[in-house]
Number of protein chains: 2
Amino acid sequence: MERSNIPAAVVGRLPRYYRYLGELIENGVGRISSDRLSELMGVTASQIRQDLNHFGGFGQQGYGYNTSYLYQEIGELLGLNDRYDMILIGAGNLGEALAAFINGSRLNQRFIAAFDINEELFGRYISDVPVLSMQELKDFTQKHSVSIAVLAVPGPAAADAAAQLAGCRIRAVWNFTNAELELPEDILVEDVHLMDSMRKLTYGIHARNLKGVKDHDAD
Amino acid sequence: MERSNIPAAVVGRLPRYYRYLGELIENGVGRISSDRLSELMGVTASQIRQDLNHFGGFGQQGYGYNTSYLYQEIGELLGLNDRYDMILIGAGNLGEALAAFINGSRLNQRFIAAFDINEELFGRYISDVPVLSMQELKDFTQKHSVSIAVLAVPGPAAADAAAQLAGCRIRAVWNFTNAELELPEDILVEDVHLMDSMRKLTYGIHARNLKGVKDHDAD
């Protein structure tokens, strides 16, 4: 099977395998059976064998998987060994936070520029990332090989920013706004709805409070 | 139906309704039919009616939903009008980023303290949040009403931190590490696997590159 044809559901599970394998390696585990991995990860051993079969030849009956080899191969497959230059759209609170986090890490991904509409920010740096005008965006992506645009503008500005990104030479958008973006098919989109995530938590706490009150009333 | 008994699947969709309703209100839309909302959100009108029926009495046949009323009610239901005090576990790059983002926002959630194991950080502030020692954690949660602990430690430290949080008086953990946490049932957990999310993107770009090379070879 062509690696580029691996089903999306399997791809979605790869980062989790990668993470577990990394932890096993850190703990000095050189080989692991699908049964043991199944216990650790809480998925069936048959699913693990099916998933990892897409890459062929990793597991050997009775020997288990070689963790380092599998880790490296999945890393290669996920493109983690490539370098990806990123740009930041929106140099506000969240953008600044992301710049500090990403450029302060040892990832192969780095911000090389940030863009904003606020003139006061032009020429400044957030972490080590220069802030440019949104008017320079398209030109910048023509001149530099930008893989990922990270969208961190306020919600109401997301549609405008997406429209501008649609005309740029970029490969993907990592969307931290709560908006659902309209972009051409050749631009990948990955959403991180932080506020939705927090709202699930606050709802859960709130619902338990109500339930607690009700249970108490029933005493 | 008791609001605390709304199915988890519906609850999971509420933040999205909330977000769309907020945008409609910003755009001056006072009423909306389930058909129009269906087009906007890309879900069936019948699903929308079923979901919103859990709250009762919002929609009227032929009149549509009152956006402001629905927004307010869902906000109330999600607990967005309550104040939630949070603590930060891990005052590194990511923690600092989250402190700046959350405490710089107009949310009802705020960090009131951060905890770390690095002595050099004790007594410092990140944004307006004081950094304390992890040894003070349990005591702090006894004295303050902490709703959410935000976990932003390096992956290998996550299990230890979770074990300490398990003994604390908190309601929920917002987990920004890539680890899957073991916590008592009465502590809610919401995961934000940022690195998994980025890996899906880099994999997508990588896979398209391979495909592009293959297509080119086939010419």
# chains A, B, ... in the order shown; residues from 1 in each chain; ligands from 1
$ residues_around --residues "B:Thr67" --least-positions-apart "6" --cutoff "12 Å" --atoms "only C-alpha atoms" --output "list in words"
Tyr17, Tyr18, Arg19, Tyr20, Leu21, Gly22, Glu23, Leu24, Ile25, Glu26, Asn27, Gly28, Val29, Gly30, Arg31, Ile32, Ser33, Ser34, Leu37, Phe58, Gly59, Glu73, Ile74 and Gly75 of chain B
$ residues_around --residues "stretch 96-109 of chain A" --least-positions-apart "3" --cutoff "6 Å" --atoms "only C-alpha atoms" --output "list in words"
Arg83, Tyr84, Asp85, Ala91, Gly92, Asn93, Ile126 and Ser127 of chain A; Asn93, Leu94 and Ala97 of chain B
$ write_last_selection --atoms "N, CA and C atoms" --output "short mmCIF file (atom, residue, chain, number, x, y, z; two decimals), in the first residue's frame"
data_model
loop_
_atom_site.label_atom_id
_atom_site.label_comp_id
_atom_site.auth_asym_id
_atom_site.auth_seq_id
_atom_site.Cartn_x
_atom_site.Cartn_y
_atom_site.Cartn_z
N ARG A 83 11.75 20.13 8.01
CA ARG A 83 11.61 21.42 8.64
C ARG A 83 10.43 22.15 8.00
N TYR A 84 9.58 22.73 8.82
CA TYR A 84 8.43 23.46 8.31
C TYR A 84 8.49 24.90 8.80
N ASP A 85 8.62 25.83 7.88
CA ASP A 85 8.58 27.23 8.27
C ASP A 85 7.13 27.69 8.37
N ALA A 91 -0.76 39.11 15.82
CA ALA A 91 0.32 39.20 16.80
C ALA A 91 -0.20 39.70 18.14
N GLY A 92 -1.42 39.31 18.47
CA GLY A 92 -2.00 39.69 19.77
C GLY A 92 -1.55 38.73 20.86
N ASN A 93 -2.35 38.69 21.92
CA ASN A 93 -2.07 37.83 23.07
C ASN A 93 -1.78 36.39 22.70
N ILE A 126 8.03 39.68 18.34
CA ILE A 126 7.43 38.89 19.43
C ILE A 126 8.25 37.61 19.48
N SER A 127 8.81 37.32 20.67
CA SER A 127 9.92 36.37 20.76
C SER A 127 10.95 36.82 19.72
N ASN B 93 7.52 27.60 29.06
CA ASN B 93 7.10 28.28 27.84
C ASN B 93 5.61 28.26 27.61
N LEU B 94 5.06 27.04 27.61
CA LEU B 94 3.64 26.89 27.30
C LEU B 94 2.79 27.50 28.40
N ALA B 97 2.71 31.15 28.12
CA ALA B 97 1.86 31.51 26.98
C ALA B 97 0.39 31.47 27.37
#
$ select_by_dssp --residues "stretch 52-218 of chain A" --states "helix (DSSP H, G or I)" --output "JSON, numbers by chain"
{"A": [52, 53, 67, 68, 69, 70, 71, 72, 73, 74, 75, 76, 77, 93, 94, 95, 96, 97, 98, 99, 100, 101, 102, 103, 119, 120, 121, 134, 135, 136, 137, 138, 139, 140, 141, 142, 143, 155, 156, 157, 158, 159, 160, 161, 162, 163, 164, 165, 166, 194, 195, 196, 197, 198, 199, 200, 201, 202, 203, 204, 205, 206, 207, 208, 209, 210, 211, 212, 213, 214, 215, 216, 217, 218]}
$ interface_residues --of "chain B" --to "chain A" --cutoff "8 Å" --atoms "only C-alpha atoms" --output "VMD selection string"
chain B and resid 3 to 4 11 to 12 15 to 16 19 23 77 to 80 84 93 to 94 96 to 98 100 to 101 104 147 156 171 to 172 174 178 188 to 190 192 194 196 to 208 210 to 211
$ atom_distance --atom1 "atom CA of A:Ala159" --atom2 "atom CA of A:Ile89"
12.2 Å
$ atom_distance --atom1 "atom CA of B:Ala162" --atom2 "atom CA of B:Asp128"
24.6 Å
$ closest_residue --among "A:Tyr125, A:Tyr65, A:Phe111, A:Phe176" --to "A:His144" --atoms "only C-alpha atoms"
A:Phe111
$ atom_distance --atom1 "atom CA of A:Phe115" --atom2 "atom CA of A:Val129"
9.9 Å
